[in-house]
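Dumped data.cif below, it's mmCIF, C-alpha atoms and all ligand atoms:
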```cif
data_query
#
loop_
_atom_site.label_atom_id
_atom_site.label_comp_id
_atom_site.auth_asym_id
_atom_site.auth_seq_id
_atom_site.Cartn_x
_atom_site.Cartn_y
_atom_site.Cartn_z
CA MET T 877 134.68 96.47 132.14
CA SER T 878 133.74 93.89 134.66
CA GLY T 879 135.99 95.72 137.11
CA THR T 880 136.40 92.76 139.42
CA GLY T 881 139.03 89.97 139.47
CA SER T 882 140.47 88.60 136.26
CA GLY T 883 137.38 86.89 134.84
CA ARG T 884 135.48 88.39 131.93
CA PHE T 885 131.77 89.09 131.82
CA ILE T 886 129.99 88.50 128.48
CA THR T 887 126.27 89.02 127.95
CA LEU T 888 123.95 87.96 125.14
CA GLU T 889 120.89 90.01 124.21
CA GLY T 890 118.18 90.24 121.57
CA VAL T 891 114.47 90.56 120.96
CA GLU T 892 112.15 87.63 121.44
CA GLY T 893 113.00 84.63 119.26
CA ALA T 894 116.39 86.05 118.21
CA GLY T 895 117.98 82.69 119.04
CA LYS T 896 119.83 83.47 122.28
CA THR T 897 119.07 80.18 123.95
CA THR T 898 120.11 78.32 120.80
CA ALA T 899 123.32 80.37 120.47
CA LEU T 900 124.38 80.30 124.12
CA GLU T 901 125.67 76.73 124.12
CA ALA T 902 127.68 77.29 120.93
CA MET T 903 129.22 80.42 122.43
CA ALA T 904 130.11 78.58 125.64
CA SER T 905 131.78 75.76 123.66
CA HIS T 906 133.70 78.23 121.53
CA LEU T 907 135.00 80.09 124.58
CA ALA T 908 135.96 76.76 126.17
CA GLU T 909 137.94 75.85 123.03
CA ARG T 910 139.82 79.12 123.47
CA GLY T 911 140.66 78.22 127.08
CA HIS T 912 137.98 80.35 128.75
CA ALA T 913 135.21 77.90 129.73
CA PRO T 914 132.48 80.16 131.13
CA LEU T 915 129.94 79.81 133.87
CA VAL T 916 126.65 80.07 131.97
CA THR T 917 123.76 81.81 133.70
CA ARG T 918 120.72 83.93 132.93
CA GLU T 919 118.58 86.87 133.95
CA PRO T 920 116.08 87.19 135.34
CA GLY T 921 117.21 84.13 137.29
CA GLY T 922 120.53 82.53 138.10
CA THR T 923 119.69 81.99 141.81
CA ASP T 924 116.73 80.41 143.64
CA LEU T 925 115.44 83.86 144.52
CA GLY T 926 116.06 85.12 140.98
CA GLU T 927 114.16 82.20 139.46
CA ALA T 928 111.25 82.90 141.82
CA VAL T 929 111.27 86.55 140.71
CA ARG T 930 111.39 85.40 137.09
CA GLY T 931 108.18 83.48 137.74
CA LEU T 932 106.53 86.65 139.09
CA LEU T 933 107.69 88.63 136.05
CA LEU T 934 106.60 86.17 133.38
CA ASP T 935 103.38 84.88 134.92
CA HIS T 936 100.08 86.42 133.92
CA ALA T 937 99.21 86.87 137.58
CA GLY T 938 101.46 89.92 137.13
CA ASP T 939 99.36 91.41 134.32
CA GLY T 940 99.06 95.15 134.82
CA MET T 941 102.14 95.29 137.06
CA CYS T 942 103.42 98.87 137.11
CA ALA T 943 106.66 99.52 135.25
CA ASP T 944 108.48 100.67 138.42
CA THR T 945 107.59 97.42 140.19
CA GLU T 946 108.82 95.42 137.19
CA ALA T 947 112.15 97.27 137.10
CA LEU T 948 112.65 96.99 140.86
CA LEU T 949 111.93 93.25 140.83
CA ILE T 950 114.44 92.79 138.01
CA PHE T 951 117.11 94.69 139.90
CA ALA T 952 116.31 92.84 143.15
CA ALA T 953 116.93 89.55 141.33
CA ARG T 954 120.05 91.08 139.76
CA ALA T 955 121.46 92.14 143.14
CA GLU T 956 121.14 88.57 144.40
CA HIS T 957 122.60 87.14 141.19
CA LEU T 958 125.60 89.47 141.33
CA HIS T 959 126.18 88.82 145.03
CA ARG T 960 125.90 85.04 144.94
CA VAL T 961 127.02 84.04 141.44
CA VAL T 962 128.53 86.62 139.12
CA ARG T 963 130.93 88.55 141.37
CA PRO T 964 132.32 85.44 143.15
CA ALA T 965 132.97 83.81 139.78
CA LEU T 966 134.67 86.88 138.30
CA GLU T 967 136.74 87.35 141.45
CA ALA T 968 137.87 83.73 141.19
CA GLY T 969 139.05 84.43 137.64
CA GLN T 970 136.20 82.57 135.96
CA TRP T 971 134.48 83.88 132.86
CA VAL T 972 130.74 84.41 133.01
CA LEU T 973 128.36 84.15 130.05
CA CYS T 974 124.94 85.55 130.87
CA ASP T 975 121.71 85.26 128.86
CA ARG T 976 120.46 88.88 129.20
CA PHE T 977 121.57 91.53 131.69
CA THR T 978 121.06 95.25 132.22
CA ASP T 979 120.96 96.17 128.52
CA ALA T 980 117.68 94.22 128.56
CA THR T 981 116.37 96.49 131.32
CA TYR T 982 117.21 99.57 129.24
CA ALA T 983 115.50 97.94 126.26
CA TYR T 984 112.41 96.34 127.85
CA GLN T 985 111.68 98.61 130.82
CA GLY T 986 113.44 101.82 129.74
CA ALA T 987 112.24 101.83 126.12
CA GLY T 988 109.53 99.15 125.90
CA ARG T 989 107.64 100.20 129.02
CA GLY T 990 108.66 103.85 128.64
CA LEU T 991 110.41 104.15 132.01
CA GLY T 992 113.32 106.05 130.44
CA ASN T 993 117.07 105.56 130.64
CA GLU T 994 117.65 107.78 133.65
CA ARG T 995 115.69 105.68 136.12
CA VAL T 996 117.31 102.48 134.90
CA ALA T 997 120.72 104.16 135.22
CA VAL T 998 120.05 105.02 138.88
CA LEU T 999 119.30 101.38 139.68
CA GLU T 1000 122.24 100.19 137.58
CA ASP T 1001 124.66 102.35 139.56
CA TRP T 1002 123.09 101.35 142.90
CA VAL T 1003 123.07 97.59 142.29
CA GLN T 1004 126.17 97.19 140.12
CA GLY T 1005 128.52 99.97 141.18
CA PRO T 1006 131.14 100.07 138.41
CA LEU T 1007 130.45 96.51 137.22
CA ARG T 1008 129.53 96.39 133.51
CA PRO T 1009 129.81 93.57 130.96
CA ASP T 1010 133.13 93.45 129.10
CA LEU T 1011 131.31 92.43 125.93
CA THR T 1012 127.64 92.38 124.95
CA LEU T 1013 126.49 90.66 121.78
CA VAL T 1014 123.07 91.66 120.48
CA LEU T 1015 121.36 89.16 118.19
CA ASP T 1016 119.40 91.40 115.84
CA LEU T 1017 116.62 90.55 113.42
CA PRO T 1018 113.31 92.08 112.35
CA VAL T 1019 110.67 91.85 115.07
CA SER T 1020 108.27 89.98 112.79
CA GLN T 1021 110.88 87.30 112.08
CA GLY T 1022 111.71 86.82 115.78
CA ARG T 1023 108.05 86.60 116.67
CA ALA T 1024 107.43 84.06 113.91
CA ARG T 1025 110.26 81.90 115.29
CA ALA T 1026 108.96 82.11 118.86
CA GLY T 1027 105.34 81.90 117.72
CA GLY T 1028 104.99 78.15 118.08
CA ARG T 1029 104.86 78.39 121.87
CA SER T 1030 101.64 77.16 123.38
CA ALA T 1031 101.56 79.56 126.33
CA PRO T 1032 103.07 82.99 125.63
CA ASP T 1033 104.41 84.69 128.78
CA ARG T 1034 103.62 88.22 129.97
CA PHE T 1035 106.23 89.79 127.64
CA GLU T 1036 105.45 87.62 124.64
CA ARG T 1037 101.86 88.92 124.74
CA GLU T 1038 103.07 92.49 124.00
CA GLN T 1039 102.32 94.18 120.66
CA ASP T 1040 104.87 94.58 117.84
CA ALA T 1041 105.33 98.29 118.72
CA PHE T 1042 106.71 97.28 122.12
CA PHE T 1043 109.30 95.00 120.52
CA GLU T 1044 110.18 97.65 117.91
CA ARG T 1045 111.09 100.01 120.79
CA VAL T 1046 113.11 97.23 122.40
CA ARG T 1047 114.99 96.53 119.17
CA ALA T 1048 115.67 100.21 118.48
CA CYS T 1049 117.04 100.64 122.00
CA TYR T 1050 119.48 97.73 121.58
CA LEU T 1051 120.69 99.19 118.27
CA ARG T 1052 121.11 102.64 119.85
CA ARG T 1053 123.15 101.18 122.67
CA ALA T 1054 125.43 99.50 120.14
CA THR T 1055 125.90 102.83 118.36
CA ASP T 1056 126.58 104.63 121.65
CA GLU T 1057 129.01 102.01 123.01
CA PRO T 1058 130.51 100.34 119.93
CA GLN T 1059 133.46 98.87 121.82
CA ARG T 1060 131.30 96.94 124.29
CA VAL T 1061 128.02 96.35 122.44
CA ARG T 1062 128.27 94.55 119.09
CA VAL T 1063 125.43 93.57 116.81
CA VAL T 1064 125.20 90.15 115.17
CA ASP T 1065 122.82 89.61 112.25
CA ALA T 1066 120.52 86.86 113.56
CA SER T 1067 118.25 86.65 110.51
CA GLY T 1068 120.20 83.83 108.83
CA SER T 1069 120.34 80.11 109.52
CA GLN T 1070 121.46 78.78 112.89
CA ALA T 1071 124.79 77.78 111.32
CA ASP T 1072 125.29 81.31 109.91
CA VAL T 1073 124.49 82.92 113.27
CA ARG T 1074 126.82 80.54 115.11
CA LEU T 1075 129.66 81.37 112.70
CA SER T 1076 129.08 85.13 113.04
CA LEU T 1077 129.12 84.85 116.84
CA GLN T 1078 132.33 82.83 116.79
CA GLN T 1079 134.00 85.37 114.48
CA MET T 1080 132.88 88.24 116.66
CA LEU T 1081 134.14 86.52 119.79
CA ASP T 1082 137.51 85.84 118.15
CA THR T 1083 137.81 89.45 116.99
CA TRP T 1084 137.10 90.69 120.51
CA LEU T 1085 139.49 88.14 122.09
CA ARG T 1086 142.26 89.30 119.73
CA GLU T 1087 141.55 92.97 120.40
CA SER T 1088 141.68 92.25 124.13
CA GLY T 1089 144.99 90.36 123.81
CA LEU T 1090 143.34 87.12 124.98
CA HIS T 1091 143.81 85.06 121.81
CA ASP T 1092 146.29 85.08 118.88
N1 LIG V 1101 113.50 90.86 130.64
C1 LIG V 1101 113.21 92.19 130.90
O1 LIG V 1101 112.12 92.67 130.58
N2 LIG V 1101 114.15 92.97 131.49
C2 LIG V 1101 115.37 92.49 131.88
O2 LIG V 1101 116.18 93.24 132.44
C3 LIG V 1101 115.64 91.10 131.61
C4 LIG V 1101 114.70 90.33 130.98
C5 LIG V 1101 116.97 90.55 132.01
C6 LIG V 1101 112.51 86.49 129.56
O3 LIG V 1101 113.76 86.51 128.95
C7 LIG V 1101 111.92 87.85 129.50
O4 LIG V 1101 112.53 88.71 130.47
C8 LIG V 1101 112.15 88.52 128.18
C9 LIG V 1101 112.54 89.94 128.51
C10 LIG V 1101 112.45 90.04 130.01
N3 LIG V 1101 110.95 88.46 127.45
N4 LIG V 1101 110.84 88.59 126.23
N5 LIG V 1101 110.61 88.66 125.16
P1 LIG V 1101 114.29 85.27 128.11
O5 LIG V 1101 115.58 85.67 127.52
O6 LIG V 1101 114.27 84.05 128.93
O7 LIG V 1101 113.10 85.06 127.04
P2 LIG V 1101 113.04 85.34 125.55
O8 LIG V 1101 113.73 86.52 125.01
O9 LIG V 1101 111.58 85.31 125.30
O10 LIG V 1101 113.86 84.14 124.99
P3 LIG V 1101 113.38 83.27 123.85
O11 LIG V 1101 112.02 83.57 123.36
O12 LIG V 1101 113.65 81.89 124.31
O13 LIG V 1101 114.24 83.74 122.67
P4 LIG V 1101 115.61 83.27 122.25
O14 LIG V 1101 116.32 82.55 123.37
O15 LIG V 1101 116.29 84.43 121.68
O16 LIG V 1101 115.29 82.24 121.08
P5 LIG V 1101 115.48 80.64 121.03
O17 LIG V 1101 114.65 79.95 122.09
O18 LIG V 1101 116.90 80.27 120.94
O19 LIG V 1101 114.84 80.39 119.59
C11 LIG V 1101 113.48 80.58 119.37
C12 LIG V 1101 113.01 79.58 118.28
O20 LIG V 1101 113.64 79.93 117.06
C13 LIG V 1101 113.40 78.13 118.55
O21 LIG V 1101 112.40 77.31 118.06
C14 LIG V 1101 114.68 77.94 117.75
O22 LIG V 1101 114.87 76.62 117.34
C15 LIG V 1101 114.43 78.85 116.57
N6 LIG V 1101 115.67 79.45 116.03
C16 LIG V 1101 116.73 79.92 116.72
N7 LIG V 1101 117.67 80.41 115.88
C17 LIG V 1101 117.17 80.26 114.63
C18 LIG V 1101 117.66 80.59 113.32
N8 LIG V 1101 118.86 81.18 113.15
N9 LIG V 1101 116.88 80.31 112.27
C19 LIG V 1101 115.67 79.72 112.44
N10 LIG V 1101 115.14 79.39 113.64
C20 LIG V 1101 115.89 79.65 114.71
#
```
Would you put the structure from the file into structure tokens?
Ligand code: Z5A
Amino acid sequence: MSGTGSGRFITLEGVEGAGKTTALEAMASHLAERGHAPLVTREPGGTDLGEAVRGLLLDHAGDGMCADTEALLIFAARAEHLHRVVRPALEAGQWVLCDRFTDATYAYQGAGRGLGNERVAVLEDWVQGPLRPDLTLVLDLPVSQGRARAGGRSAPDRFEREQDAFFERVRACYLRRATDEPQRVRVVDASGSQADVRLSLQQMLDTWLRESGLHD
């Protein structure tokens, strides 16, 4: 639970090329139609400092960065994002829709980089206190399919240069988290067309809104 104010905190996750950016706008419109227009933001990023840290994380100048440094930079950006954007919005009763959050740190740094869950959990507790997303939707598809979709990019960033095995660990971690926390983390099949994925997301949102007593 977001544990702060009356807003709700929804996050969207997935491996590279899963279609998050494409899906985010449709999710925001759907929530707005249901009377819960969200503030849309992203991680790493969401503040000037966070966007600067994002640059450090994605740029090849950071090649060889140690996994601890990567995780600490991500949580530094997250602390700023929570302080300046997410908590004030939630406290004001606004809903927040965020493109990636701490499940990504478990997946990319904890599993992908091999840092382990425990170290991520320490930083999560420090930076977030009890704040957790109310709902996390994971767009899932085979790694090869996601990479093929994202493959057209001219300049792959520092993560996109990783091998398939890295992304297989990331994907497996997301799926494990959904199994471990089925109420909060829900998996959406992202292998179909954009229209199919949009419909699945809308249905999942409606199911969750009904379960939460927020929509008939
Ligand atoms: N990261 C981290 O390591 N730890 C953390 O804690 C956090 C993040 C928060 C940047 O994130 C990197 O930060 C990320 C992990 C790391 N690196 N990776 N990988 P990001 O979210 O900004 O970057 P991304 O995951 O690389 O996003 P993306 O590549 O833009 O993927 P996407 O948003 O899921 O996909 P998309 O841009 O919407 O779609 C990709 C292409 O596929 C595009 O041409 C679409 O038109 C097409 N597409 C989308 N949906 C479909 C369907 N259904 N069918 C066919 N084609 C489709």
So which residues touch segment 928-935 of chain T within 12 Å, counting all atoms listed in the file, skipping near sequence neighbours fewer than 6 positions away, as a short mmCIF file (atom, residue, chain, number, x, y, z; two decimals) with C-alpha atoms, keeping the file's coordinate frame?
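part-v8.cif written:
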```cif
data_model
loop_
_atom_site.label_atom_id
_atom_site.label_comp_id
_atom_site.auth_asym_id
_atom_site.auth_seq_id
_atom_site.Cartn_x
_atom_site.Cartn_y
_atom_site.Cartn_z
CA ARG T 918 120.72 83.93 132.93
CA GLU T 919 118.58 86.87 133.95
CA PRO T 920 116.08 87.19 135.34
CA GLY T 921 117.21 84.13 137.29
CA GLY T 922 120.53 82.53 138.10
CA MET T 941 102.14 95.29 137.06
CA CYS T 942 103.42 98.87 137.11
CA ALA T 943 106.66 99.52 135.25
CA THR T 945 107.59 97.42 140.19
CA GLU T 946 108.82 95.42 137.19
CA ALA T 947 112.15 97.27 137.10
CA LEU T 948 112.65 96.99 140.86
CA LEU T 949 111.93 93.25 140.83
CA ILE T 950 114.44 92.79 138.01
CA PHE T 951 117.11 94.69 139.90
CA ALA T 952 116.31 92.84 143.15
CA ALA T 953 116.93 89.55 141.33
CA ARG T 954 120.05 91.08 139.76
CA ALA T 955 121.46 92.14 143.14
CA GLU T 956 121.14 88.57 144.40
CA HIS T 957 122.60 87.14 141.19
CA GLN T 985 111.68 98.61 130.82
CA ALA T 1031 101.56 79.56 126.33
CA PRO T 1032 103.07 82.99 125.63
CA ASP T 1033 104.41 84.69 128.78
CA ARG T 1034 103.62 88.22 129.97
CA PHE T 1035 106.23 89.79 127.64
CA GLU T 1036 105.45 87.62 124.64
CA ARG T 1037 101.86 88.92 124.74
CA GLU T 1038 103.07 92.49 124.00
#
```
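The spacing separating atom O1 of ligand LIG 1101 (chain V) from atom CA of Gly990 of chain T amounts to 11.9 Å.
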Enumerate residues in contact with ligand LIG 1101 (chain V): an atom-to-atom distance of at most 8 Å, counting only C-alpha atoms and all ligand atoms. Format the result as a PyMOL selection string.
chain T and resi 889-899+918-920+930+933-934+946-947+950-951+975-985+1015+1022+1025-1026+1028+1033-1036+1043+1066-1073
Of the candidates T:Leu958, T:Arg1086, T:Ile886, T:Gly911, which one gets nearest to Asp1010 of chain T if we count all atoms listed in the file?
T:Ile886
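As for atom CA of Leu1085 of chain T and atom CA of Leu1011 of chain T, they are spaced 10.0 Å apart.
Of the residues listed (T:Arg1008, T:Arg1053, T:His906, T:His959), T:Arg1008 shows the shortest atom-to-atom separation from Arg884 of chain T; distances use all atoms listed in the file.
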If you measure from atom CA of Gly988 of chain T to atom CA of Val1063 of chain T, what distance in Å do you get, rounded to one decimal?
19.1 Å
Just want the 7 Å neighbourhood of segment 964-972 of chain T, counted on all atoms listed in the file, with same-chain residues fewer than 5 positions away dropped. Output as a CSV table (one decimal) with C-alpha atoms, in the frame of the given file.
```
chain,number,residue,atom,x,y,z
T,880,THR,CA,136.4,92.8,139.4
T,881,GLY,CA,139.0,90.0,139.5
T,882,SER,CA,140.5,88.6,136.3
T,883,GLY,CA,137.4,86.9,134.8
T,884,ARG,CA,135.5,88.4,131.9
T,885,PHE,CA,131.8,89.1,131.8
T,886,ILE,CA,130.0,88.5,128.5
T,912,HIS,CA,138.0,80.4,128.8
T,913,ALA,CA,135.2,77.9,129.7
T,914,PRO,CA,132.5,80.2,131.1
T,915,LEU,CA,129.9,79.8,133.9
T,916,VAL,CA,126.6,80.1,132.0
```
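Proximity to Pro1009 of chain T was assessed for T:Val1046, T:Met903, T:Leu991, T:Leu888 counting only C-alpha atoms; the smallest distance is recorded for T:Leu888.
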Return as lines of an AutoDock Vina configuration file the centre and edge lengths, in Å with one decimal, of the box along x, y and z that encloses every atom of segment 1049-1054 of chain T in the file, padded by 8 Å per side.
```
center_x = 121.2
center_y = 100.2
center_z = 120.5
size_x = 24.4
size_y = 20.9
size_z = 20.4
```
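Comparing the minimum interatomic distances between Arg1023 of chain T and each of T:Pro1006, T:Glu1044, T:Glu901, T:Glu994, counting only C-alpha atoms, we find that T:Glu1044 sits nearest.
Considering only C-alpha atoms, the residue among T:Leu1013, T:Met1080, T:Leu1075, T:Ala1041 positioned nearest to Arg1060 of chain T is T:Leu1013.
With all atoms listed in the file as the atoms that count, the minimum distance from Ala904 of chain T to the choices T:Val996, T:Ala937, T:Leu925, T:Leu973 is reached by T:Leu973.
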Filtering to N, CA and C atoms, could segment 935-963 of chain T of the supplied structure be written out as a PDB file, in the first residue's frame?
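As written to disk, result27.pdb reads:
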```pdb
ATOM      1  N   ASP T 935      24.346   6.044 -19.929  1.00  0.00           N
ATOM      2  CA  ASP T 935      25.440   6.419 -20.818  1.00  0.00           C
ATOM      3  C   ASP T 935      26.610   5.438 -20.737  1.00  0.00           C
ATOM      4  N   HIS T 936      27.247   5.238 -21.852  1.00  0.00           N
ATOM      5  CA  HIS T 936      28.363   4.278 -21.877  1.00  0.00           C
ATOM      6  C   HIS T 936      29.597   4.768 -21.141  1.00  0.00           C
ATOM      7  N   ALA T 937      29.596   6.054 -20.749  1.00  0.00           N
ATOM      8  CA  ALA T 937      30.682   6.524 -19.887  1.00  0.00           C
ATOM      9  C   ALA T 937      30.664   5.720 -18.582  1.00  0.00           C
ATOM     10  N   GLY T 938      29.476   5.159 -18.270  1.00  0.00           N
ATOM     11  CA  GLY T 938      29.359   4.366 -17.034  1.00  0.00           C
ATOM     12  C   GLY T 938      29.673   2.884 -17.221  1.00  0.00           C
ATOM     13  N   ASP T 939      30.174   2.495 -18.359  1.00  0.00           N
ATOM     14  CA  ASP T 939      30.506   1.077 -18.592  1.00  0.00           C
ATOM     15  C   ASP T 939      31.446   0.590 -17.496  1.00  0.00           C
ATOM     16  N   GLY T 940      31.124  -0.579 -16.951  1.00  0.00           N
ATOM     17  CA  GLY T 940      31.982  -1.139 -15.912  1.00  0.00           C
ATOM     18  C   GLY T 940      31.636  -0.642 -14.518  1.00  0.00           C
ATOM     19  N   MET T 941      30.630   0.234 -14.415  1.00  0.00           N
ATOM     20  CA  MET T 941      30.196   0.728 -13.104  1.00  0.00           C
ATOM     21  C   MET T 941      29.907  -0.462 -12.182  1.00  0.00           C
ATOM     22  N   CYS T 942      30.310  -0.380 -10.928  1.00  0.00           N
ATOM     23  CA  CYS T 942      30.066  -1.535 -10.059  1.00  0.00           C
ATOM     24  C   CYS T 942      28.595  -1.579  -9.657  1.00  0.00           C
ATOM     25  N   ALA T 943      28.105  -2.770  -9.396  1.00  0.00           N
ATOM     26  CA  ALA T 943      26.668  -2.966  -9.167  1.00  0.00           C
ATOM     27  C   ALA T 943      26.179  -2.180  -7.947  1.00  0.00           C
ATOM     28  N   ASP T 944      27.021  -2.046  -6.916  1.00  0.00           N
ATOM     29  CA  ASP T 944      26.628  -1.257  -5.740  1.00  0.00           C
ATOM     30  C   ASP T 944      26.410   0.202  -6.121  1.00  0.00           C
ATOM     31  N   THR T 945      27.335   0.736  -6.925  1.00  0.00           N
ATOM     32  CA  THR T 945      27.218   2.139  -7.352  1.00  0.00           C
ATOM     33  C   THR T 945      25.911   2.331  -8.121  1.00  0.00           C
ATOM     34  N   GLU T 946      25.635   1.386  -9.022  1.00  0.00           N
ATOM     35  CA  GLU T 946      24.415   1.475  -9.841  1.00  0.00           C
ATOM     36  C   GLU T 946      23.172   1.514  -8.947  1.00  0.00           C
ATOM     37  N   ALA T 947      23.132   0.597  -7.982  1.00  0.00           N
ATOM     38  CA  ALA T 947      21.958   0.523  -7.096  1.00  0.00           C
ATOM     39  C   ALA T 947      21.840   1.787  -6.249  1.00  0.00           C
ATOM     40  N   LEU T 948      22.966   2.291  -5.764  1.00  0.00           N
ATOM     41  CA  LEU T 948      22.920   3.489  -4.916  1.00  0.00           C
ATOM     42  C   LEU T 948      22.494   4.715  -5.718  1.00  0.00           C
ATOM     43  N   LEU T 949      22.955   4.818  -6.961  1.00  0.00           N
ATOM     44  CA  LEU T 949      22.516   5.935  -7.809  1.00  0.00           C
ATOM     45  C   LEU T 949      21.006   5.863  -8.040  1.00  0.00           C
ATOM     46  N   ILE T 950      20.529   4.654  -8.304  1.00  0.00           N
ATOM     47  CA  ILE T 950      19.088   4.490  -8.553  1.00  0.00           C
ATOM     48  C   ILE T 950      18.287   4.903  -7.321  1.00  0.00           C
ATOM     49  N   PHE T 951      18.749   4.491  -6.153  1.00  0.00           N
ATOM     50  CA  PHE T 951      17.996   4.856  -4.947  1.00  0.00           C
ATOM     51  C   PHE T 951      18.172   6.330  -4.576  1.00  0.00           C
ATOM     52  N   ALA T 952      19.307   6.938  -4.966  1.00  0.00           N
ATOM     53  CA  ALA T 952      19.466   8.382  -4.727  1.00  0.00           C
ATOM     54  C   ALA T 952      18.432   9.140  -5.568  1.00  0.00           C
ATOM     55  N   ALA T 953      18.313   8.738  -6.838  1.00  0.00           N
ATOM     56  CA  ALA T 953      17.315   9.374  -7.707  1.00  0.00           C
ATOM     57  C   ALA T 953      15.908   9.123  -7.167  1.00  0.00           C
ATOM     58  N   ARG T 954      15.705   7.913  -6.642  1.00  0.00           N
ATOM     59  CA  ARG T 954      14.372   7.545  -6.110  1.00  0.00           C
ATOM     60  C   ARG T 954      14.026   8.380  -4.876  1.00  0.00           C
ATOM     61  N   ALA T 955      15.002   8.620  -4.016  1.00  0.00           N
ATOM     62  CA  ALA T 955      14.749   9.426  -2.813  1.00  0.00           C
ATOM     63  C   ALA T 955      14.256  10.815  -3.209  1.00  0.00           C
ATOM     64  N   GLU T 956      14.923  11.394  -4.206  1.00  0.00           N
ATOM     65  CA  GLU T 956      14.552  12.732  -4.670  1.00  0.00           C
ATOM     66  C   GLU T 956      13.154  12.719  -5.304  1.00  0.00           C
ATOM     67  N   HIS T 957      12.911  11.695  -6.101  1.00  0.00           N
ATOM     68  CA  HIS T 957      11.621  11.558  -6.791  1.00  0.00           C
ATOM     69  C   HIS T 957      10.481  11.414  -5.776  1.00  0.00           C
ATOM     70  N   LEU T 958      10.712  10.596  -4.765  1.00  0.00           N
ATOM     71  CA  LEU T 958       9.676  10.398  -3.744  1.00  0.00           C
ATOM     72  C   LEU T 958       9.435  11.697  -2.976  1.00  0.00           C
ATOM     73  N   HIS T 959      10.540  12.369  -2.624  1.00  0.00           N
ATOM     74  CA  HIS T 959      10.444  13.575  -1.807  1.00  0.00           C
ATOM     75  C   HIS T 959       9.746  14.705  -2.561  1.00  0.00           C
ATOM     76  N   ARG T 960      10.109  14.882  -3.819  1.00  0.00           N
ATOM     77  CA  ARG T 960       9.625  16.060  -4.557  1.00  0.00           C
ATOM     78  C   ARG T 960       8.341  15.821  -5.330  1.00  0.00           C
ATOM     79  N   VAL T 961       8.109  14.578  -5.755  1.00  0.00           N
ATOM     80  CA  VAL T 961       6.999  14.340  -6.700  1.00  0.00           C
ATOM     81  C   VAL T 961       5.969  13.347  -6.151  1.00  0.00           C
ATOM     82  N   VAL T 962       6.414  12.148  -5.826  1.00  0.00           N
ATOM     83  CA  VAL T 962       5.455  11.069  -5.569  1.00  0.00           C
ATOM     84  C   VAL T 962       4.710  11.274  -4.240  1.00  0.00           C
ATOM     85  N   ARG T 963       5.448  11.484  -3.160  1.00  0.00           N
ATOM     86  CA  ARG T 963       4.760  11.651  -1.867  1.00  0.00           C
ATOM     87  C   ARG T 963       3.840  12.877  -1.851  1.00  0.00           C
TER      88      ARG T 963
END
```
